[in-house]
$ cat model.txt   # compact mmCIF, N, CA and C atoms
# COMPACT_ATOMS: atom_id res chain seq x y z
N MET A 682 22.19 -0.90 19.97
CA MET A 682 20.79 -1.03 19.56
C MET A 682 20.74 -1.15 18.04
N ASN A 683 20.00 -2.13 17.58
CA ASN A 683 19.83 -2.33 16.15
C ASN A 683 19.00 -1.18 15.58
N PRO A 684 19.52 -0.42 14.61
CA PRO A 684 18.78 0.73 14.10
C PRO A 684 17.49 0.37 13.36
N VAL A 685 17.39 -0.86 12.90
CA VAL A 685 16.19 -1.26 12.18
C VAL A 685 15.13 -1.79 13.14
N HIS A 686 15.53 -2.61 14.10
CA HIS A 686 14.57 -3.27 14.97
C HIS A 686 14.67 -2.82 16.43
N GLY A 687 15.47 -1.82 16.73
CA GLY A 687 15.71 -1.42 18.11
C GLY A 687 14.64 -0.53 18.70
N GLY A 688 13.40 -0.79 18.48
CA GLY A 688 12.33 -0.03 19.08
C GLY A 688 11.91 1.20 18.29
N ARG A 689 12.61 1.52 17.25
CA ARG A 689 12.23 2.66 16.41
C ARG A 689 11.47 2.16 15.20
N HIS A 690 10.54 2.99 14.74
CA HIS A 690 9.81 2.63 13.52
C HIS A 690 10.75 2.71 12.33
N ARG A 691 10.65 1.73 11.47
CA ARG A 691 11.37 1.80 10.21
C ARG A 691 10.64 2.78 9.33
N ARG A 692 11.36 3.66 8.69
CA ARG A 692 10.72 4.68 7.85
C ARG A 692 10.55 4.16 6.44
N ARG A 693 9.36 4.31 5.93
CA ARG A 693 9.05 3.94 4.55
C ARG A 693 8.76 5.22 3.78
N SER A 694 9.12 5.24 2.55
CA SER A 694 8.92 6.44 1.74
C SER A 694 7.71 6.28 0.84
N TRP A 695 6.74 7.20 0.97
CA TRP A 695 5.59 7.17 0.07
C TRP A 695 6.02 7.46 -1.35
N SER A 696 7.12 8.19 -1.52
CA SER A 696 7.58 8.44 -2.88
C SER A 696 7.93 7.12 -3.57
N ALA A 697 8.42 6.16 -2.81
CA ALA A 697 8.72 4.85 -3.38
C ALA A 697 7.44 4.14 -3.81
N VAL A 698 6.36 4.33 -3.05
CA VAL A 698 5.08 3.73 -3.41
C VAL A 698 4.61 4.28 -4.75
N ILE A 699 4.62 5.59 -4.89
CA ILE A 699 4.17 6.21 -6.12
C ILE A 699 5.11 5.85 -7.27
N LEU A 700 6.40 5.84 -7.02
CA LEU A 700 7.37 5.49 -8.05
C LEU A 700 7.15 4.06 -8.53
N ALA A 701 6.86 3.14 -7.60
CA ALA A 701 6.61 1.75 -7.99
C ALA A 701 5.43 1.67 -8.94
N GLY A 702 4.38 2.42 -8.66
CA GLY A 702 3.22 2.42 -9.55
C GLY A 702 3.52 3.06 -10.87
N ALA A 703 4.25 4.15 -10.86
CA ALA A 703 4.57 4.85 -12.10
C ALA A 703 5.45 4.00 -13.00
N LEU A 704 6.37 3.29 -12.41
CA LEU A 704 7.26 2.47 -13.22
C LEU A 704 6.54 1.28 -13.85
N SER A 705 5.35 0.95 -13.32
CA SER A 705 4.62 -0.16 -13.90
C SER A 705 3.86 0.26 -15.15
N THR A 706 3.81 1.54 -15.43
CA THR A 706 3.12 2.03 -16.62
C THR A 706 4.14 2.35 -17.70
N ALA A 707 3.65 2.50 -18.91
CA ALA A 707 4.55 2.84 -20.01
C ALA A 707 4.60 4.34 -20.25
N ASP A 708 3.95 5.12 -19.42
CA ASP A 708 3.85 6.56 -19.61
C ASP A 708 5.05 7.27 -18.99
N PRO A 709 5.97 7.80 -19.80
CA PRO A 709 7.14 8.48 -19.26
C PRO A 709 6.79 9.68 -18.40
N ALA A 710 5.66 10.34 -18.66
CA ALA A 710 5.25 11.49 -17.85
C ALA A 710 4.97 11.05 -16.42
N SER A 711 4.42 9.84 -16.24
CA SER A 711 4.16 9.32 -14.90
C SER A 711 5.47 9.12 -14.14
N ILE A 712 6.46 8.61 -14.84
CA ILE A 712 7.76 8.40 -14.20
C ILE A 712 8.37 9.73 -13.82
N ALA A 713 8.27 10.71 -14.69
CA ALA A 713 8.82 12.03 -14.38
C ALA A 713 8.09 12.65 -13.19
N ARG A 714 6.76 12.49 -13.13
CA ARG A 714 6.00 13.05 -12.02
C ARG A 714 6.40 12.36 -10.72
N ALA A 715 6.58 11.05 -10.77
CA ALA A 715 6.93 10.32 -9.56
C ALA A 715 8.35 10.65 -9.11
N SER A 716 9.20 11.07 -10.02
CA SER A 716 10.58 11.39 -9.67
C SER A 716 10.74 12.81 -9.15
N THR A 717 9.69 13.61 -9.23
CA THR A 717 9.75 14.99 -8.77
C THR A 717 9.89 15.02 -7.25
N PRO A 718 10.78 15.85 -6.69
CA PRO A 718 10.99 15.85 -5.25
C PRO A 718 9.82 16.38 -4.43
N SER A 719 8.87 17.07 -5.01
CA SER A 719 7.74 17.62 -4.27
C SER A 719 6.55 16.67 -4.40
N TYR A 720 6.07 16.16 -3.26
CA TYR A 720 4.98 15.19 -3.26
C TYR A 720 3.77 15.77 -2.54
N GLY A 721 3.08 16.71 -3.18
CA GLY A 721 1.93 17.34 -2.58
C GLY A 721 0.74 16.43 -2.45
N PHE A 722 0.75 15.26 -3.12
CA PHE A 722 -0.39 14.36 -3.10
C PHE A 722 -0.23 13.23 -2.10
N LEU A 723 0.76 13.31 -1.24
CA LEU A 723 0.99 12.23 -0.29
C LEU A 723 -0.14 12.13 0.71
N PRO A 724 -0.49 10.91 1.14
CA PRO A 724 -1.57 10.75 2.10
C PRO A 724 -1.15 11.17 3.50
N ASP A 725 -2.13 11.30 4.35
CA ASP A 725 -1.88 11.58 5.76
C ASP A 725 -1.08 10.40 6.32
N PRO A 726 0.13 10.66 6.84
CA PRO A 726 0.95 9.56 7.34
C PRO A 726 0.27 8.75 8.44
N ALA A 727 -0.62 9.37 9.21
CA ALA A 727 -1.31 8.64 10.27
C ALA A 727 -2.35 7.67 9.71
N ALA A 728 -2.81 7.89 8.50
CA ALA A 728 -3.86 7.05 7.92
C ALA A 728 -3.34 5.70 7.43
N CYS A 729 -2.09 5.64 7.01
CA CYS A 729 -1.49 4.37 6.56
C CYS A 729 -0.05 4.34 7.05
N ARG A 730 0.12 3.97 8.32
CA ARG A 730 1.44 4.00 8.94
C ARG A 730 2.26 2.75 8.63
N ASP A 731 3.53 2.97 8.41
CA ASP A 731 4.51 1.91 8.14
C ASP A 731 4.10 1.05 6.94
N PRO A 732 4.00 1.67 5.75
CA PRO A 732 3.66 0.87 4.56
C PRO A 732 4.77 -0.14 4.28
N ILE A 733 4.45 -1.40 4.45
CA ILE A 733 5.48 -2.44 4.44
C ILE A 733 5.47 -3.31 3.19
N ALA A 734 4.35 -3.37 2.49
CA ALA A 734 4.24 -4.22 1.29
C ALA A 734 3.49 -3.46 0.21
N LEU A 735 3.90 -3.68 -1.03
CA LEU A 735 3.28 -3.02 -2.18
C LEU A 735 2.95 -4.02 -3.26
N VAL A 736 1.86 -3.78 -3.99
CA VAL A 736 1.60 -4.51 -5.23
C VAL A 736 0.96 -3.55 -6.20
N VAL A 737 1.26 -3.76 -7.47
CA VAL A 737 0.74 -2.94 -8.55
C VAL A 737 -0.22 -3.80 -9.38
N THR A 738 -1.38 -3.25 -9.72
CA THR A 738 -2.33 -4.00 -10.54
C THR A 738 -1.72 -4.27 -11.92
N PRO A 739 -2.15 -5.35 -12.57
CA PRO A 739 -1.57 -5.69 -13.88
C PRO A 739 -1.67 -4.56 -14.92
N ASP A 740 -2.71 -3.74 -14.84
CA ASP A 740 -2.84 -2.64 -15.80
C ASP A 740 -2.06 -1.40 -15.38
N GLY A 741 -1.43 -1.44 -14.20
CA GLY A 741 -0.63 -0.32 -13.73
C GLY A 741 -1.42 0.87 -13.23
N ALA A 742 -2.74 0.71 -13.07
CA ALA A 742 -3.59 1.83 -12.68
C ALA A 742 -3.59 2.11 -11.18
N LYS A 743 -3.39 1.05 -10.37
CA LYS A 743 -3.45 1.21 -8.92
C LYS A 743 -2.27 0.55 -8.25
N VAL A 744 -1.89 1.14 -7.10
CA VAL A 744 -0.90 0.53 -6.21
C VAL A 744 -1.61 0.32 -4.88
N TYR A 745 -1.42 -0.87 -4.30
CA TYR A 745 -1.93 -1.16 -2.97
C TYR A 745 -0.74 -1.17 -2.02
N ALA A 746 -0.88 -0.49 -0.87
CA ALA A 746 0.18 -0.42 0.13
C ALA A 746 -0.38 -0.86 1.47
N ALA A 747 0.23 -1.89 2.07
CA ALA A 747 -0.22 -2.39 3.36
C ALA A 747 0.36 -1.52 4.47
N GLY A 748 -0.52 -0.94 5.27
CA GLY A 748 -0.09 -0.12 6.42
C GLY A 748 -0.05 -0.97 7.67
N ARG A 749 1.12 -1.47 7.99
CA ARG A 749 1.26 -2.41 9.10
C ARG A 749 0.78 -1.84 10.43
N GLU A 750 1.11 -0.61 10.71
CA GLU A 750 0.76 -0.03 12.00
C GLU A 750 -0.64 0.60 12.03
N SER A 751 -1.29 0.73 10.89
CA SER A 751 -2.63 1.32 10.86
C SER A 751 -3.72 0.30 10.53
N ASP A 752 -3.31 -0.96 10.30
CA ASP A 752 -4.25 -2.05 10.04
C ASP A 752 -5.16 -1.79 8.85
N ASN A 753 -4.58 -1.25 7.77
CA ASN A 753 -5.36 -1.01 6.56
C ASN A 753 -4.47 -1.12 5.33
N VAL A 754 -5.11 -1.01 4.18
CA VAL A 754 -4.41 -1.01 2.89
C VAL A 754 -4.82 0.26 2.15
N ALA A 755 -3.83 1.06 1.77
CA ALA A 755 -4.10 2.27 0.99
C ALA A 755 -4.22 1.90 -0.48
N VAL A 756 -5.21 2.46 -1.15
CA VAL A 756 -5.39 2.27 -2.59
C VAL A 756 -4.96 3.57 -3.25
N ILE A 757 -3.93 3.50 -4.07
CA ILE A 757 -3.36 4.69 -4.69
C ILE A 757 -3.62 4.65 -6.19
N ASP A 758 -4.26 5.69 -6.70
CA ASP A 758 -4.49 5.84 -8.13
C ASP A 758 -3.20 6.40 -8.73
N VAL A 759 -2.57 5.65 -9.61
CA VAL A 759 -1.28 6.05 -10.17
C VAL A 759 -1.43 7.27 -11.07
N GLY A 760 -2.51 7.33 -11.84
CA GLY A 760 -2.70 8.45 -12.76
C GLY A 760 -2.78 9.79 -12.07
N SER A 761 -3.50 9.84 -10.95
CA SER A 761 -3.66 11.11 -10.24
C SER A 761 -2.68 11.25 -9.09
N GLY A 762 -2.07 10.13 -8.68
CA GLY A 762 -1.14 10.17 -7.55
C GLY A 762 -1.83 10.39 -6.22
N THR A 763 -3.10 9.99 -6.11
CA THR A 763 -3.84 10.21 -4.87
C THR A 763 -4.31 8.89 -4.27
N VAL A 764 -4.51 8.91 -2.97
CA VAL A 764 -5.10 7.77 -2.29
C VAL A 764 -6.60 7.88 -2.45
N THR A 765 -7.22 6.83 -3.01
CA THR A 765 -8.66 6.87 -3.26
C THR A 765 -9.46 6.29 -2.11
N ARG A 766 -8.85 5.42 -1.33
CA ARG A 766 -9.54 4.86 -0.16
C ARG A 766 -8.56 4.07 0.69
N TYR A 767 -9.00 3.75 1.90
CA TYR A 767 -8.27 2.88 2.81
C TYR A 767 -9.16 1.67 3.08
N ILE A 768 -8.63 0.50 2.81
CA ILE A 768 -9.38 -0.74 3.00
C ILE A 768 -9.02 -1.29 4.38
N PRO A 769 -10.02 -1.57 5.22
CA PRO A 769 -9.70 -2.15 6.53
C PRO A 769 -9.15 -3.56 6.36
N ALA A 770 -8.14 -3.88 7.14
CA ALA A 770 -7.54 -5.21 7.10
C ALA A 770 -7.52 -5.76 8.52
N GLY A 771 -6.86 -6.87 8.71
CA GLY A 771 -6.71 -7.43 10.05
C GLY A 771 -5.60 -6.71 10.80
N ASN A 772 -5.15 -7.34 11.87
CA ASN A 772 -4.12 -6.76 12.72
C ASN A 772 -2.74 -6.91 12.08
N GLN A 773 -2.11 -5.81 11.77
CA GLN A 773 -0.79 -5.71 11.16
C GLN A 773 -0.68 -6.42 9.80
N PRO A 774 -1.28 -5.84 8.77
CA PRO A 774 -1.10 -6.41 7.42
C PRO A 774 0.36 -6.26 6.98
N VAL A 775 0.97 -7.36 6.58
CA VAL A 775 2.39 -7.33 6.23
C VAL A 775 2.69 -7.86 4.83
N GLY A 776 1.70 -8.41 4.15
CA GLY A 776 1.94 -8.95 2.82
C GLY A 776 0.72 -8.78 1.94
N LEU A 777 0.97 -8.64 0.64
CA LEU A 777 -0.10 -8.47 -0.34
C LEU A 777 0.16 -9.38 -1.52
N GLY A 778 -0.91 -9.91 -2.10
CA GLY A 778 -0.79 -10.70 -3.31
C GLY A 778 -2.01 -10.49 -4.19
N LEU A 779 -1.78 -10.47 -5.49
CA LEU A 779 -2.88 -10.33 -6.45
C LEU A 779 -3.09 -11.64 -7.19
N SER A 780 -4.34 -11.94 -7.51
CA SER A 780 -4.62 -13.08 -8.36
C SER A 780 -3.99 -12.81 -9.73
N PRO A 781 -3.77 -13.86 -10.53
CA PRO A 781 -3.10 -13.65 -11.83
C PRO A 781 -3.75 -12.59 -12.71
N GLY A 782 -5.07 -12.48 -12.70
CA GLY A 782 -5.75 -11.48 -13.51
C GLY A 782 -5.93 -10.15 -12.80
N GLY A 783 -5.57 -10.10 -11.52
CA GLY A 783 -5.67 -8.88 -10.75
C GLY A 783 -7.05 -8.59 -10.18
N GLU A 784 -7.97 -9.56 -10.24
CA GLU A 784 -9.33 -9.34 -9.75
C GLU A 784 -9.45 -9.40 -8.24
N VAL A 785 -8.54 -10.13 -7.59
CA VAL A 785 -8.61 -10.34 -6.15
C VAL A 785 -7.27 -9.99 -5.51
N LEU A 786 -7.35 -9.23 -4.41
CA LEU A 786 -6.19 -8.90 -3.59
C LEU A 786 -6.30 -9.68 -2.30
N VAL A 787 -5.20 -10.33 -1.90
CA VAL A 787 -5.15 -11.06 -0.64
C VAL A 787 -4.18 -10.34 0.28
N VAL A 788 -4.63 -10.05 1.50
CA VAL A 788 -3.82 -9.34 2.48
C VAL A 788 -3.44 -10.31 3.59
N VAL A 789 -2.13 -10.44 3.84
CA VAL A 789 -1.63 -11.28 4.92
C VAL A 789 -1.56 -10.44 6.18
N ASN A 790 -2.31 -10.83 7.21
CA ASN A 790 -2.36 -10.11 8.48
C ASN A 790 -1.51 -10.86 9.51
N GLU A 791 -0.44 -10.23 9.94
CA GLU A 791 0.55 -10.90 10.80
C GLU A 791 -0.02 -11.40 12.12
N LEU A 792 -0.87 -10.64 12.76
CA LEU A 792 -1.33 -11.00 14.11
C LEU A 792 -2.79 -11.40 14.21
N SER A 793 -3.48 -11.54 13.08
CA SER A 793 -4.92 -11.84 13.13
C SER A 793 -5.27 -13.30 12.97
N GLY A 794 -4.41 -14.06 12.34
CA GLY A 794 -4.73 -15.46 12.10
C GLY A 794 -5.64 -15.67 10.91
N PHE A 795 -5.82 -14.65 10.07
CA PHE A 795 -6.62 -14.80 8.86
C PHE A 795 -6.08 -13.89 7.76
N LEU A 796 -6.50 -14.20 6.54
CA LEU A 796 -6.19 -13.37 5.38
C LEU A 796 -7.43 -12.54 5.06
N THR A 797 -7.23 -11.32 4.61
CA THR A 797 -8.33 -10.47 4.16
C THR A 797 -8.39 -10.57 2.64
N VAL A 798 -9.57 -10.80 2.08
CA VAL A 798 -9.75 -10.95 0.64
C VAL A 798 -10.54 -9.74 0.13
N VAL A 799 -10.01 -9.10 -0.92
CA VAL A 799 -10.58 -7.85 -1.44
C VAL A 799 -10.86 -8.00 -2.93
N ALA A 800 -12.03 -7.54 -3.37
CA ALA A 800 -12.34 -7.46 -4.80
C ALA A 800 -11.75 -6.15 -5.32
N THR A 801 -10.82 -6.22 -6.27
CA THR A 801 -10.14 -5.01 -6.73
C THR A 801 -11.02 -4.11 -7.60
N ALA A 802 -12.09 -4.65 -8.17
CA ALA A 802 -12.98 -3.82 -8.98
C ALA A 802 -13.67 -2.76 -8.11
N THR A 803 -13.99 -3.14 -6.87
CA THR A 803 -14.70 -2.22 -5.96
C THR A 803 -13.84 -1.80 -4.77
N ASP A 804 -12.72 -2.47 -4.58
CA ASP A 804 -11.85 -2.26 -3.41
C ASP A 804 -12.60 -2.47 -2.11
N GLU A 805 -13.49 -3.45 -2.10
CA GLU A 805 -14.27 -3.83 -0.92
C GLU A 805 -13.81 -5.19 -0.41
N VAL A 806 -13.82 -5.36 0.91
CA VAL A 806 -13.51 -6.66 1.51
C VAL A 806 -14.65 -7.61 1.18
N ILE A 807 -14.28 -8.79 0.64
CA ILE A 807 -15.30 -9.78 0.28
C ILE A 807 -15.21 -11.03 1.16
N GLY A 808 -14.21 -11.09 2.04
CA GLY A 808 -14.11 -12.23 2.92
C GLY A 808 -12.83 -12.28 3.71
N GLN A 809 -12.81 -13.26 4.60
CA GLN A 809 -11.62 -13.58 5.39
C GLN A 809 -11.42 -15.07 5.34
N VAL A 810 -10.17 -15.47 5.22
CA VAL A 810 -9.85 -16.90 5.14
C VAL A 810 -8.93 -17.24 6.28

$ encode --input "model.txt" --output "structure tokens"
Amino acid sequence: MNPVHGGRHRRRSWSAVILAGALSTADPASIARASTPSYGFLPDPAACRDPIALVVTPDGAKVYAAGRESDNVAVIDVGSGTVTRYIPAGNQPVGLGLSPGGEVLVVVNELSGFLTVVATATDEVIGQV
């Protein structure tokens, strides 16, 4: 049985999500906080299951994580290390992309047949393509 695809969920580490956001900033304290083994600010694993794709805003303030098994995108504030909201997406979001200026987030939904478009200023869905 293939250990990655043999019917078991692939495990993703939320610490990697926070570390990715921290590394996008120039603040060494953020990197030190993200490297700490205790992650008391981690979200409820059931709320954003199987985070498969990540993107960091150009200013390094937020990380978006696509929860493939929960059909949403977690918005993580890098400064506080907390999830500020969950954005509803289509069925199995597997990819994320930001516009060059970071104003728009595009979510690739594997099983929906459409992309979810999000305004990053409000973290609200503004359309489907």

$ closest_residue --input "model.txt" --among "A:Gly771, A:Gly762, A:Gly783, A:Gly778" --to "Leu796 (chain A)" --atoms "all atoms listed in the file"
A:Gly771

$ axis_aligned_box --input "model.txt" --around "region 773-779 of chain A" --padding-each-side "6 Å" --output "lines of an AutoDock Vina configuration file"
center_x = -0.2
center_y = -8.7
center_z = 2.3
size_x = 17.8
size_y = 17.9
size_z = 31.0

$ residues_around --input "model.txt" --residues "Thr801 (chain A)" --least-positions-apart "2" --cutoff "6.5 Å" --atoms "all atoms listed in the file" --output "PyMOL selection string"
chain A and resi 783-786+799+803-805

$ atom_distance --input "model.txt" --atom1 "CA of Gln809 (chain A)" --atom2 "CA of Pro769 (chain A)"
11.6 Å

$ closest_residue --input "model.txt" --among "A:Val787, A:Ala742, A:Ala800, A:Leu777" --to "Thr765 (chain A)" --atoms "only C-alpha atoms"
A:Ala742

$ atom_distance --input "model.txt" --atom1 "CA of Pro732 (chain A)" --atom2 "atom N of Val806 (chain A)"
18.9 Å

$ closest_residue --input "model.txt" --among "A:Val756, A:Ala734, A:Val810, A:Val775" --to "Glu791 (chain A)" --atoms "only N, CA and C atoms"
A:Val775

$ atom_distance --input "model.txt" --atom1 "atom C of Ala770 (chain A)" --atom2 "atom C of Ile733 (chain A)"
14.3 Å

$ residues_around --input "model.txt" --residues "Val736 (chain A)" --least-positions-apart "2" --cutoff "9 Å" --atoms "only C-alpha atoms" --output "list in words"
Ala701, Gly702, Ala734, Thr738, Lys743, Val744, Tyr745, Ala746, Leu777, Gly778 and Leu779 of chain A

$ closest_residue --input "model.txt" --among "A:Val737, A:Cys729, A:Thr797, A:Gln773" --to "Val754 (chain A)" --atoms "only C-alpha atoms"
A:Cys729

$ closest_residue --input "model.txt" --among "A:Gly776, A:Gly782, A:Arg766, A:Gly760" --to "Pro739 (chain A)" --atoms "all atoms listed in the file"
A:Gly782

$ closest_residue --input "model.txt" --among "A:Ile768, A:Pro774, A:Leu735, A:Gly794" --to "Glu750 (chain A)" --atoms "only N, CA and C atoms"
A:Pro774
